[in-house]
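**Q** My structure is in run_27.cif, and what it holds is mmCIF, C-alpha atoms:
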```cif
data_run
#
loop_
_atom_site.label_atom_id
_atom_site.label_comp_id
_atom_site.auth_asym_id
_atom_site.auth_seq_id
_atom_site.Cartn_x
_atom_site.Cartn_y
_atom_site.Cartn_z
CA MET Q 1 -18.15 19.32 -51.40
CA MET Q 2 -15.29 19.07 -53.87
CA PHE Q 3 -16.66 20.97 -56.86
CA LYS Q 4 -17.50 24.59 -56.08
CA ALA Q 5 -17.84 25.63 -59.70
CA PHE Q 6 -18.65 24.53 -63.25
CA LEU Q 7 -17.25 25.59 -66.57
CA VAL Q 8 -19.82 25.58 -69.37
CA LYS Q 9 -18.67 24.76 -72.88
CA TYR Q 10 -20.65 25.73 -75.98
CA SER Q 11 -20.11 24.76 -79.61
CA GLU Q 12 -22.20 26.48 -82.30
CA ILE Q 13 -22.23 29.81 -80.49
CA GLY Q 14 -18.47 30.00 -80.99
CA ILE Q 15 -18.86 30.50 -84.75
CA LYS Q 16 -21.36 33.37 -84.56
CA GLY Q 17 -18.78 36.09 -85.25
CA LYS Q 18 -19.69 39.61 -84.19
CA ASN Q 19 -23.11 38.45 -82.95
CA ARG Q 20 -21.66 35.85 -80.61
CA TYR Q 21 -22.18 38.00 -77.52
CA ILE Q 22 -25.96 37.94 -78.10
CA PHE Q 23 -26.02 34.15 -77.93
CA GLU Q 24 -23.58 34.05 -75.01
CA ASN Q 25 -25.76 36.45 -73.04
CA ALA Q 26 -28.87 34.43 -73.85
CA LEU Q 27 -27.16 31.23 -72.69
CA ARG Q 28 -25.94 32.89 -69.50
CA ASP Q 29 -29.46 34.15 -68.74
CA GLN Q 30 -30.97 30.72 -69.45
CA ILE Q 31 -28.48 29.10 -67.07
CA LYS Q 32 -29.42 31.62 -64.39
CA ARG Q 33 -33.14 30.88 -64.81
CA THR Q 34 -32.47 27.15 -64.67
CA LEU Q 35 -30.40 27.40 -61.50
CA ASP Q 36 -33.11 29.52 -59.86
CA LEU Q 37 -35.18 26.32 -59.78
CA VAL Q 38 -32.65 24.29 -57.79
CA GLU Q 39 -31.48 24.57 -54.19
CA GLY Q 40 -28.51 26.82 -53.54
CA GLU Q 41 -27.17 30.17 -54.69
CA PHE Q 42 -24.99 30.53 -57.76
CA LYS Q 43 -23.02 33.21 -59.54
CA VAL Q 44 -23.06 32.92 -63.35
CA SER Q 45 -20.46 34.98 -65.20
CA LYS Q 46 -19.07 35.30 -68.71
CA GLU Q 47 -15.35 35.76 -69.24
CA GLN Q 48 -13.20 35.51 -72.38
CA GLY Q 49 -15.38 33.03 -74.25
CA ARG Q 50 -16.22 31.01 -71.16
CA ILE Q 51 -19.26 30.81 -68.91
CA TYR Q 52 -18.53 30.01 -65.29
CA ILE Q 53 -20.94 28.92 -62.57
CA GLU Q 54 -19.72 29.38 -59.02
CA ALA Q 55 -21.64 27.86 -56.10
CA LEU Q 56 -22.03 30.39 -53.28
CA THR Q 57 -23.75 27.92 -50.94
CA ASP Q 58 -24.09 24.16 -50.57
CA TYR Q 59 -26.03 22.50 -53.39
CA ASP Q 60 -27.08 19.12 -54.74
CA TYR Q 61 -24.47 18.18 -57.35
CA ASP Q 62 -26.66 15.65 -59.20
CA GLU Q 63 -29.60 18.06 -59.34
CA VAL Q 64 -27.46 20.86 -60.76
CA VAL Q 65 -25.86 18.63 -63.40
CA GLU Q 66 -29.25 17.21 -64.43
CA SER Q 67 -30.72 20.71 -64.75
CA LEU Q 68 -27.79 22.06 -66.76
CA SER Q 69 -27.87 19.02 -69.07
CA ARG Q 70 -31.30 20.21 -70.29
CA VAL Q 71 -30.18 23.74 -71.22
CA PHE Q 72 -29.98 24.11 -74.98
CA GLY Q 73 -26.75 25.77 -76.07
CA ILE Q 74 -24.54 23.84 -73.66
CA ALA Q 75 -22.22 21.34 -75.33
CA GLY Q 76 -20.36 20.26 -72.20
CA ILE Q 77 -20.46 20.72 -68.43
CA MET Q 78 -17.14 20.58 -66.61
CA PRO Q 79 -17.15 20.34 -62.81
CA VAL Q 80 -14.08 22.34 -61.75
CA VAL Q 81 -12.00 22.80 -58.64
CA LEU Q 82 -11.27 26.47 -57.91
CA ILE Q 83 -7.82 27.35 -56.71
CA GLU Q 84 -7.87 30.82 -55.15
CA ASP Q 85 -4.12 30.96 -54.59
CA ALA Q 86 -2.77 30.17 -58.05
CA THR Q 87 0.92 30.70 -57.30
CA TRP Q 88 2.99 28.11 -59.11
CA GLU Q 89 4.02 26.07 -56.07
CA ASN Q 90 0.48 25.98 -54.70
CA LEU Q 91 -0.99 25.20 -58.13
CA LYS Q 92 1.21 22.11 -58.52
CA ASP Q 93 0.17 20.73 -55.14
CA GLU Q 94 -3.51 21.47 -55.72
CA VAL Q 95 -3.45 19.69 -59.09
CA VAL Q 96 -1.87 16.65 -57.45
CA LYS Q 97 -4.59 16.72 -54.80
CA TYR Q 98 -7.27 17.02 -57.52
CA VAL Q 99 -5.94 14.01 -59.46
CA LYS Q 100 -5.76 11.93 -56.27
CA ASP Q 101 -9.31 12.84 -55.23
CA VAL Q 102 -10.88 12.33 -58.66
CA HIS Q 103 -8.86 9.47 -60.16
CA GLY Q 104 -7.24 7.79 -57.14
CA ASP Q 105 -4.82 4.98 -57.97
CA ASP Q 106 -6.34 4.14 -61.37
CA GLU Q 107 -3.93 3.37 -64.18
CA PHE Q 108 -4.44 5.60 -67.21
CA THR Q 109 -2.70 7.74 -69.79
CA PHE Q 110 -3.00 11.50 -69.48
CA LYS Q 111 -2.16 14.83 -70.97
CA VAL Q 112 -2.05 18.24 -69.30
CA GLU Q 113 -3.70 21.06 -71.27
CA ALA Q 114 -3.25 24.61 -70.01
CA LYS Q 115 -4.84 27.93 -70.93
CA ARG Q 116 -3.26 31.06 -69.51
CA GLY Q 117 -5.86 33.83 -69.42
CA ASP Q 118 -3.68 35.88 -67.06
CA LYS Q 119 -0.79 36.95 -69.31
CA ASN Q 120 1.21 38.14 -66.30
CA TYR Q 121 1.48 34.61 -64.96
CA PRO Q 122 5.21 33.67 -64.74
CA LEU Q 123 4.91 30.50 -66.89
CA LYS Q 124 3.49 30.29 -70.39
CA SER Q 125 0.94 27.62 -71.35
CA PRO Q 126 3.46 25.12 -72.88
CA GLU Q 127 5.67 25.46 -69.81
CA ILE Q 128 2.72 24.84 -67.48
CA CYS Q 129 1.83 21.68 -69.42
CA MET Q 130 5.39 20.33 -69.37
CA GLU Q 131 6.16 21.17 -65.73
CA LEU Q 132 2.81 19.95 -64.40
CA GLY Q 133 3.05 16.74 -66.43
CA GLY Q 134 6.45 15.98 -64.93
CA TYR Q 135 5.27 16.81 -61.42
CA LEU Q 136 2.29 14.46 -61.76
CA LEU Q 137 4.54 11.63 -62.99
CA GLU Q 138 6.64 12.02 -59.88
CA HIS Q 139 3.58 11.54 -57.66
CA PHE Q 140 1.62 8.95 -59.67
CA PRO Q 141 3.69 6.03 -61.03
CA ASN Q 142 0.41 4.51 -62.25
CA MET Q 143 0.05 7.28 -64.85
CA THR Q 144 1.79 7.62 -68.21
CA VAL Q 145 1.85 10.48 -70.68
CA ASP Q 146 0.10 10.20 -74.07
CA VAL Q 147 -0.11 13.54 -75.88
CA ARG Q 148 -1.96 12.13 -78.91
CA ASN Q 149 -4.80 10.06 -77.49
CA PRO Q 150 -4.88 10.29 -73.69
CA GLN Q 151 -7.53 8.59 -71.62
CA VAL Q 152 -7.69 11.61 -69.31
CA ARG Q 153 -7.11 15.26 -70.17
CA ILE Q 154 -6.21 17.33 -67.12
CA ASN Q 155 -7.18 20.90 -67.95
CA VAL Q 156 -5.82 23.91 -66.11
CA GLU Q 157 -7.07 27.43 -66.82
CA ILE Q 158 -5.35 30.35 -65.11
CA ARG Q 159 -7.21 33.62 -64.77
CA THR Q 160 -7.70 35.61 -61.57
CA LYS Q 161 -8.16 32.13 -60.09
CA ALA Q 162 -7.11 28.75 -61.42
CA TYR Q 163 -9.65 26.22 -62.64
CA VAL Q 164 -8.85 22.50 -62.82
CA TYR Q 165 -11.05 19.85 -64.46
CA SER Q 166 -10.81 16.51 -66.24
CA THR Q 167 -14.45 15.47 -66.61
CA VAL Q 168 -16.72 16.65 -69.44
CA ILE Q 169 -20.42 15.84 -69.03
CA PRO Q 170 -22.32 16.04 -72.37
CA GLY Q 171 -24.81 18.90 -72.67
CA ALA Q 172 -28.01 19.17 -74.71
CA GLY Q 173 -26.34 21.01 -77.61
CA GLY Q 174 -28.32 23.27 -79.91
CA MET Q 175 -28.94 26.99 -79.43
CA PRO Q 176 -30.23 28.95 -76.41
CA VAL Q 177 -34.05 29.08 -76.39
CA GLY Q 178 -35.39 32.41 -77.62
CA THR Q 179 -32.49 33.31 -79.91
CA ASN Q 180 -34.44 32.20 -83.00
CA GLY Q 181 -37.90 33.61 -82.39
CA LYS Q 182 -41.11 31.83 -81.34
CA ALA Q 183 -43.37 29.24 -82.97
CA MET Q 184 -46.70 27.56 -82.23
CA LEU Q 185 -46.64 23.80 -81.55
CA LEU Q 186 -49.77 21.77 -82.31
CA LEU Q 187 -49.58 19.57 -79.23
CA SER Q 188 -51.63 16.39 -78.97
CA GLY Q 189 -51.49 13.55 -76.48
CA GLY Q 190 -49.44 11.37 -78.83
CA ILE Q 191 -45.77 10.49 -79.04
CA ASP Q 192 -44.77 12.69 -81.96
CA SER Q 193 -45.73 16.29 -81.21
CA PRO Q 194 -43.81 16.62 -77.90
CA VAL Q 195 -40.70 15.34 -79.70
CA ALA Q 196 -41.26 17.86 -82.50
CA GLY Q 197 -41.49 20.66 -79.95
CA TYR Q 198 -38.29 19.51 -78.27
CA MET Q 199 -36.41 19.40 -81.57
CA ILE Q 200 -37.46 22.90 -82.67
CA ALA Q 201 -36.74 24.32 -79.19
CA LYS Q 202 -33.25 22.83 -79.49
CA ARG Q 203 -32.65 25.18 -82.41
CA GLY Q 204 -33.29 28.19 -80.19
CA VAL Q 205 -37.03 28.64 -80.82
CA LYS Q 206 -39.34 29.56 -77.95
CA LEU Q 207 -42.56 27.53 -77.88
CA ASP Q 208 -46.23 28.31 -77.52
CA ALA Q 209 -48.60 25.35 -77.89
CA THR Q 210 -52.19 24.72 -78.99
CA TYR Q 211 -54.21 21.70 -77.88
CA PHE Q 212 -57.62 20.80 -79.35
CA HIS Q 213 -59.96 19.41 -76.69
CA ALA Q 214 -63.30 17.74 -77.53
CA PRO Q 215 -65.41 17.19 -74.41
CA PRO Q 216 -67.31 14.97 -73.69
CA TYR Q 217 -65.68 12.78 -76.35
CA THR Q 218 -62.31 13.37 -74.74
CA SER Q 219 -62.02 13.30 -70.97
CA GLU Q 220 -60.39 15.70 -68.53
CA ARG Q 221 -57.73 13.03 -68.15
CA ALA Q 222 -56.83 13.50 -71.82
CA LYS Q 223 -56.49 17.24 -71.21
CA ASP Q 224 -54.41 16.65 -68.08
CA LYS Q 225 -52.20 14.31 -70.07
CA VAL Q 226 -51.41 17.06 -72.58
CA ILE Q 227 -50.71 19.53 -69.78
CA ASP Q 228 -48.29 16.98 -68.31
CA LEU Q 229 -46.61 16.59 -71.71
CA ALA Q 230 -46.27 20.36 -72.01
CA ARG Q 231 -44.68 20.43 -68.56
CA LEU Q 232 -42.18 17.73 -69.56
CA VAL Q 233 -41.26 19.61 -72.75
CA SER Q 234 -40.90 22.83 -70.75
CA LYS Q 235 -38.03 21.25 -68.81
CA TRP Q 236 -36.08 21.63 -72.04
CA ALA Q 237 -37.87 24.52 -73.75
CA GLY Q 238 -38.62 26.81 -70.81
CA PRO Q 239 -42.07 28.30 -70.06
CA ILE Q 240 -44.82 27.43 -72.57
CA ASP Q 241 -48.15 29.20 -73.04
CA LEU Q 242 -50.57 26.31 -73.69
CA HIS Q 243 -53.75 27.39 -75.51
CA ILE Q 244 -56.61 24.89 -75.05
CA VAL Q 245 -59.27 25.11 -77.77
CA ASN Q 246 -62.73 23.54 -77.35
CA PHE Q 247 -63.08 21.85 -80.74
CA THR Q 248 -66.19 19.72 -80.11
CA ASP Q 249 -68.81 21.76 -81.98
CA ILE Q 250 -66.55 22.24 -85.00
CA GLN Q 251 -65.82 18.53 -85.17
CA LEU Q 252 -69.48 17.55 -84.86
CA TYR Q 253 -70.45 20.04 -87.56
CA ILE Q 254 -67.77 18.69 -89.93
CA TYR Q 255 -68.84 15.14 -89.09
CA ASP Q 256 -72.45 16.02 -89.94
CA LYS Q 257 -71.80 17.93 -93.18
CA CYS Q 258 -68.76 16.40 -94.88
CA PRO Q 259 -67.90 13.00 -96.40
CA HIS Q 260 -66.58 10.75 -93.66
CA ASP Q 261 -63.52 9.62 -95.60
CA GLU Q 262 -62.44 13.31 -95.69
CA LEU Q 263 -63.06 14.03 -91.99
CA THR Q 264 -59.45 13.80 -90.87
CA ILE Q 265 -58.14 16.16 -93.54
CA ILE Q 266 -60.91 18.74 -93.13
CA MET Q 267 -60.66 18.72 -89.34
CA ARG Q 268 -56.89 19.05 -89.65
CA ARG Q 269 -57.28 22.03 -91.97
CA TYR Q 270 -59.47 23.83 -89.42
CA MET Q 271 -57.03 23.01 -86.65
CA MET Q 272 -54.28 24.61 -88.70
CA LYS Q 273 -56.42 27.70 -89.30
CA ILE Q 274 -57.09 28.11 -85.59
CA ALA Q 275 -53.47 27.44 -84.63
CA GLU Q 276 -52.31 30.00 -87.20
CA TYR Q 277 -54.71 32.61 -85.81
CA LEU Q 278 -53.35 32.02 -82.31
CA ALA Q 279 -49.79 32.04 -83.65
CA ASN Q 280 -50.27 35.45 -85.27
CA LYS Q 281 -51.97 36.79 -82.15
CA ASN Q 282 -49.01 35.68 -80.02
CA ASN Q 283 -46.21 36.85 -82.35
CA CYS Q 284 -45.19 33.38 -83.49
CA LEU Q 285 -43.27 33.03 -86.74
CA GLY Q 286 -44.47 29.57 -87.74
CA LEU Q 287 -46.36 26.39 -86.82
CA ILE Q 288 -44.79 23.13 -85.61
CA THR Q 289 -46.31 19.68 -86.08
CA GLY Q 290 -45.15 16.14 -85.34
CA GLU Q 291 -46.00 14.77 -88.78
CA SER Q 292 -43.85 12.17 -90.52
CA ILE Q 293 -44.35 11.21 -94.16
CA GLY Q 294 -46.59 8.17 -94.56
CA GLN Q 295 -47.03 7.41 -90.86
CA VAL Q 296 -50.85 7.71 -91.02
CA ALA Q 297 -53.43 8.65 -93.65
CA SER Q 298 -53.27 12.36 -92.79
CA GLN Q 299 -49.49 12.37 -93.31
CA THR Q 300 -49.14 11.26 -96.92
CA MET Q 301 -47.58 13.81 -99.27
CA GLN Q 302 -51.02 14.62 -100.70
CA SER Q 303 -52.55 15.03 -97.24
CA LEU Q 304 -49.72 17.28 -96.06
CA ALA Q 305 -50.15 19.41 -99.17
CA ALA Q 306 -53.89 19.72 -98.50
CA THR Q 307 -53.17 20.75 -94.90
CA ASN Q 308 -50.49 23.27 -95.87
CA GLU Q 309 -52.84 24.91 -98.34
CA VAL Q 310 -54.76 26.74 -95.59
CA CYS Q 311 -51.62 28.22 -93.96
CA THR Q 312 -49.75 31.40 -94.73
CA LEU Q 313 -47.17 30.91 -91.95
CA PRO Q 314 -44.42 28.32 -92.54
CA VAL Q 315 -45.08 24.88 -91.07
CA TYR Q 316 -42.06 23.21 -89.47
CA ARG Q 317 -42.06 19.39 -89.36
CA PRO Q 318 -38.79 18.27 -87.74
CA LEU Q 319 -39.84 14.59 -87.75
CA ILE Q 320 -40.76 14.50 -91.44
CA GLY Q 321 -38.19 11.84 -92.39
CA PHE Q 322 -38.10 9.87 -89.13
CA ASP Q 323 -39.48 6.39 -88.67
CA LYS Q 324 -41.51 5.59 -85.56
CA GLN Q 325 -38.71 3.93 -83.61
CA GLU Q 326 -36.45 6.94 -84.07
CA ILE Q 327 -39.20 9.15 -82.68
CA ILE Q 328 -39.80 6.79 -79.75
CA ASP Q 329 -36.08 6.80 -78.94
CA ILE Q 330 -36.13 10.60 -78.57
CA ALA Q 331 -39.40 10.49 -76.60
CA GLU Q 332 -37.77 8.09 -74.14
CA LYS Q 333 -34.70 10.31 -73.92
CA ILE Q 334 -36.76 13.38 -73.00
CA ASP Q 335 -39.10 11.40 -70.68
CA THR Q 336 -42.34 12.03 -72.61
CA PHE Q 337 -42.90 8.49 -73.90
CA GLU Q 338 -44.53 6.98 -70.80
CA THR Q 339 -46.99 9.88 -70.59
CA SER Q 340 -47.74 9.84 -74.33
CA VAL Q 341 -48.81 6.18 -74.29
CA LEU Q 342 -51.33 6.61 -71.46
CA PRO Q 343 -54.71 5.39 -72.82
CA TYR Q 344 -56.60 8.70 -72.93
CA GLU Q 345 -57.82 9.45 -76.45
CA ASP Q 346 -57.46 12.91 -77.99
CA CYS Q 347 -59.92 14.62 -80.31
CA CYS Q 348 -58.27 13.37 -83.49
CA THR Q 349 -58.56 9.66 -82.73
CA ILE Q 350 -62.23 9.85 -81.71
CA PHE Q 351 -63.44 11.02 -85.13
CA VAL Q 352 -61.18 9.00 -87.43
CA ALA Q 353 -63.02 7.32 -90.30
CA LYS Q 354 -62.65 3.60 -90.92
CA HIS Q 355 -61.28 4.22 -94.42
CA PRO Q 356 -59.87 7.77 -94.60
CA VAL Q 357 -58.78 9.18 -97.94
CA THR Q 358 -55.01 8.92 -98.30
CA LYS Q 359 -54.57 10.97 -101.49
CA PRO Q 360 -56.95 13.91 -101.08
CA ASN Q 361 -57.50 16.32 -103.94
CA VAL Q 362 -57.44 19.89 -102.62
CA ASN Q 363 -60.17 21.04 -105.00
CA ILE Q 364 -62.49 18.23 -103.88
CA ILE Q 365 -61.73 19.00 -100.22
CA LYS Q 366 -62.57 22.68 -100.79
CA LYS Q 367 -65.84 21.70 -102.46
CA SER Q 368 -66.76 19.56 -99.44
CA GLU Q 369 -65.97 22.49 -97.16
CA THR Q 370 -68.61 24.61 -98.89
CA HIS Q 371 -71.17 22.51 -96.99
CA LEU Q 372 -69.87 24.19 -93.82
CA GLU Q 373 -70.46 27.78 -94.90
CA GLU Q 374 -73.66 28.31 -92.93
CA LYS Q 375 -72.16 27.98 -89.44
CA ILE Q 376 -68.41 27.36 -89.55
CA ASP Q 377 -67.35 31.02 -89.13
CA GLU Q 378 -69.56 31.38 -86.08
CA LEU Q 379 -68.24 28.14 -84.58
CA MET Q 380 -64.64 29.21 -85.25
CA GLU Q 381 -65.25 32.56 -83.56
CA THR Q 382 -66.78 30.88 -80.52
CA ALA Q 383 -63.84 28.46 -80.26
CA LEU Q 384 -61.35 31.34 -80.43
CA ASN Q 385 -63.24 33.44 -77.91
CA THR Q 386 -63.29 30.61 -75.36
CA VAL Q 387 -59.61 29.58 -75.55
CA GLU Q 388 -58.18 28.69 -72.17
CA THR Q 389 -54.50 29.61 -71.78
CA ILE Q 390 -52.30 27.97 -69.15
CA VAL Q 391 -48.74 29.10 -68.52
CA ILE Q 392 -46.65 25.94 -68.12
CA LYS Q 393 -43.39 26.46 -66.24
CA PRO Q 394 -40.59 23.97 -65.65
CA GLY Q 395 -40.39 22.79 -62.08
CA GLU Q 396 -44.09 23.35 -61.31
#
```
Rewrite the coordinates I just gave you, this time as structure tokens.
**A**
Amino acid sequence: MMFKAFLVKYSEIGIKGKNRYIFENALRDQIKRTLDLVEGEFKVSKEQGRIYIEALTDYDYDEVVESLSRVFGIAGIMPVVLIEDATWENLKDEVVKYVKDVHGDDEFTFKVEAKRGDKNYPLKSPEICMELGGYLLEHFPNMTVDVRNPQVRINVEIRTKAYVYSTVIPGAGGMPVGTNGKAMLLLSGGIDSPVAGYMIAKRGVKLDATYFHAPPYTSERAKDKVIDLARLVSKWAGPIDLHIVNFTDIQLYIYDKCPHDELTIIMRRYMMKIAEYLANKNNCLGLITGESIGQVASQTMQSLAATNEVCTLPVYRPLIGFDKQEIIDIAEKIDTFETSVLPYEDCCTIFVAKHPVTKPNVNIIKKSETHLEEKIDELMETALNTVETIVIKPGE
């Protein structure tokens, strides 16, 4: 196997100043946890603003690259060839061998870029670039130098060993999960909420999730579908505690006592109350929803205001300005789309009115909710006391 190591490149972490080491350590630890799920043994180390992964045993290259490409905080993944004996004469020959193995007889322009971490090395970085460039031209007449806009950049880093690479595989970007606290995702079986969870996790937020189940009006298949979605999101976001709330009795009570054109808003308000309770109980700093302005009746500006009114925690809506196709594009990218469109209804769609109010007045909604005073607290308490929590882990 040619590549025995990888160099991990990050972007935003590099501008964190004195706190940068916190984010670097978090990224290193996340990479370790990710590689624990693939075959092989790896050493992950941090050195002078770089994170290196060294394979200690045989491994599946494609599996490792795919796993690393889902780690938030990584901007680029560079498969590198390690040169243990980095003496100048050996380095030149090993770089020639690398170019032959990776690029063969292709015609392309190139530039050598060198970084000398070992300051005792006999040549300085500009000298390494110039001498190596000339040596490569002697061996590859198909190559020409272009220092401004080369097709291939041949990178050489010299530390205790030498690292050579010319391929940069795009990473997921963002920030390492867990570096920006934790939030509660309201996860349904639709397209939007898994995408919202992915987008907030990309900013370094650890996820918990709440799903509202309504048996017998929603089947076990609908519940399994949401568990599958949580598992797909966990590939990017790491382990997720999924809290499953039995919402049937609350929905039926609202359906029986409140105007039907207000059902969606009132049910949504009680979902937010329950999710906020669970968020506070689990040390979450906010709620996450997949709402987008105007997409459905419960997502008009007036409806969102009526929903927000019951919350004290901030509500994060990363899809708020997206149109549906933009959301679908991300769902396809993160492999949740095909699961989201499976035909198993969730509790929201079962109780939707034919003509829901699109511009609810909060005061009128509150007045309608007074019809629930006799039993709603008891039903809420029962729902919270019977929450089922499943720990969703990537790779399971």
**Q** With the file shown as input, list the residues that the PyMOL selection byres ((chain Q and resi 381-387) around 9) selects, as a list in words.
**A** His243, Ile244, Val245, Asn246, Phe247, Asp249, Ile250, Ile274, Tyr277, Leu278, Ile376, Asp377, Glu378, Leu379, Met380, Glu388 and Thr389 of chain Q
**Q** Take the point (5.5, 26.7, -65.1) as written in the file and pick out every residue within 12 Å of it, counting all atoms listed in the file; give the list as a ChimeraX atom specification.
**A** /Q:86-92,114-116,121-135,156,158
**Q** For this file, the PyMOL selection byres ((chain Q and resi 193) around 10) selects which residues, as JSON, numbers by chain?
**A** {"Q": [185, 186, 187, 188, 189, 190, 191, 192, 194, 195, 196, 197, 198, 199, 229, 288, 289, 290, 291, 317, 318, 319, 327, 331, 340]}
**Q** Write the residues of the preceding selection, restricted to C-alpha atoms, as a compact mmCIF listing (two decimals), in the frame of the given file.
**A**
```
# COMPACT_ATOMS: atom_id res chain seq x y z
CA LEU Q 185 -46.64 23.80 -81.55
CA LEU Q 186 -49.77 21.77 -82.31
CA LEU Q 187 -49.58 19.57 -79.23
CA SER Q 188 -51.63 16.39 -78.97
CA GLY Q 189 -51.49 13.55 -76.48
CA GLY Q 190 -49.44 11.37 -78.83
CA ILE Q 191 -45.77 10.49 -79.04
CA ASP Q 192 -44.77 12.69 -81.96
CA PRO Q 194 -43.81 16.62 -77.90
CA VAL Q 195 -40.70 15.34 -79.70
CA ALA Q 196 -41.26 17.86 -82.50
CA GLY Q 197 -41.49 20.66 -79.95
CA TYR Q 198 -38.29 19.51 -78.27
CA MET Q 199 -36.41 19.40 -81.57
CA LEU Q 229 -46.61 16.59 -71.71
CA ILE Q 288 -44.79 23.13 -85.61
CA THR Q 289 -46.31 19.68 -86.08
CA GLY Q 290 -45.15 16.14 -85.34
CA GLU Q 291 -46.00 14.77 -88.78
CA ARG Q 317 -42.06 19.39 -89.36
CA PRO Q 318 -38.79 18.27 -87.74
CA LEU Q 319 -39.84 14.59 -87.75
CA ILE Q 327 -39.20 9.15 -82.68
CA ALA Q 331 -39.40 10.49 -76.60
CA SER Q 340 -47.74 9.84 -74.33
```
**Q** Could you check which of Q:Pro239, Q:Cys258, Q:Lys333, Q:Tyr344 is closest to Q:His213, using all atoms listed in the file?
**A**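 Going through Q:Pro239, Q:Cys258, Q:Lys333, Q:Tyr344 one by one, the smallest distance to Q:His213 is for Q:Tyr344.
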**Q** Taking all atoms of stretch 176-185 of chain Q that the file lists and extending 6 Å past them on each side, where is the centre of the axis-aligned box and how long are its edges? Answer in Å to one decimal, as AutoDock Vina command-line options.
**A**
```
--center_x -38.5 --center_y 28.7 --center_z -79.7 --size_x 28.5 --size_y 21.8 --size_z 18.6
```
**Q** From the list Q:Pro259, Q:Pro356, Q:Gly204, Q:Pro141, which residue is nearest Q:Gly174 when using only C-alpha atoms?
**A**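 Closest residue, counting only C-alpha atoms: Q:Gly204.
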**Q** Near Q:Ala297, counting all atoms listed in the file, which residues have an atom at most 8 Å away, once you skip same-chain residues fewer than 2 positions from it, shown as a ChimeraX atom specification?
**A** /Q:294-295,299-300,303,356-358
**Q** Just want the 10 Å neighbourhood of Q:Asp29, counted on only C-alpha atoms, with same-chain residues fewer than 4 positions away dropped. Output as a PyMOL selection string.
**A** chain Q and resi 23-25+33-35+44-45+176
**Q** Looking at Q:Asp118, Q:Glu345, Q:Asp93, Q:Asp101, which one is nearest to Q:Ala214, with distances taken over only C-alpha atoms?
**A**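 Smallest separation from Q:Ala214 among the options: Q:Glu345.
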**Q** Atom CA of Q:Gly73 and atom CA of Q:Arg203, how far apart in Å?
**A**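 Between atom CA of Q:Arg203 and atom CA of Q:Gly73 the gap works out to 8.7 Å.
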**Q** Could you give me, as an MDAnalysis selection string, the residues within 12 Å of Q:Arg268, counting only C-alpha atoms and dropping anything in the same chain fewer than 3 positions from it?
**A** chainID Q and resid 186 212 247 250:251 254 262:265 271:275 289 291 297:299 303:311 347:349 351:352 365
**Q** My list of candidates is Q:Ile13, Q:Ala279, Q:Val38, Q:Val152. Which is closest to Q:Ala209 when distances are computed with all atoms listed in the file?
**A**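 The answer is Q:Ala279, which sits nearest to Q:Ala209.
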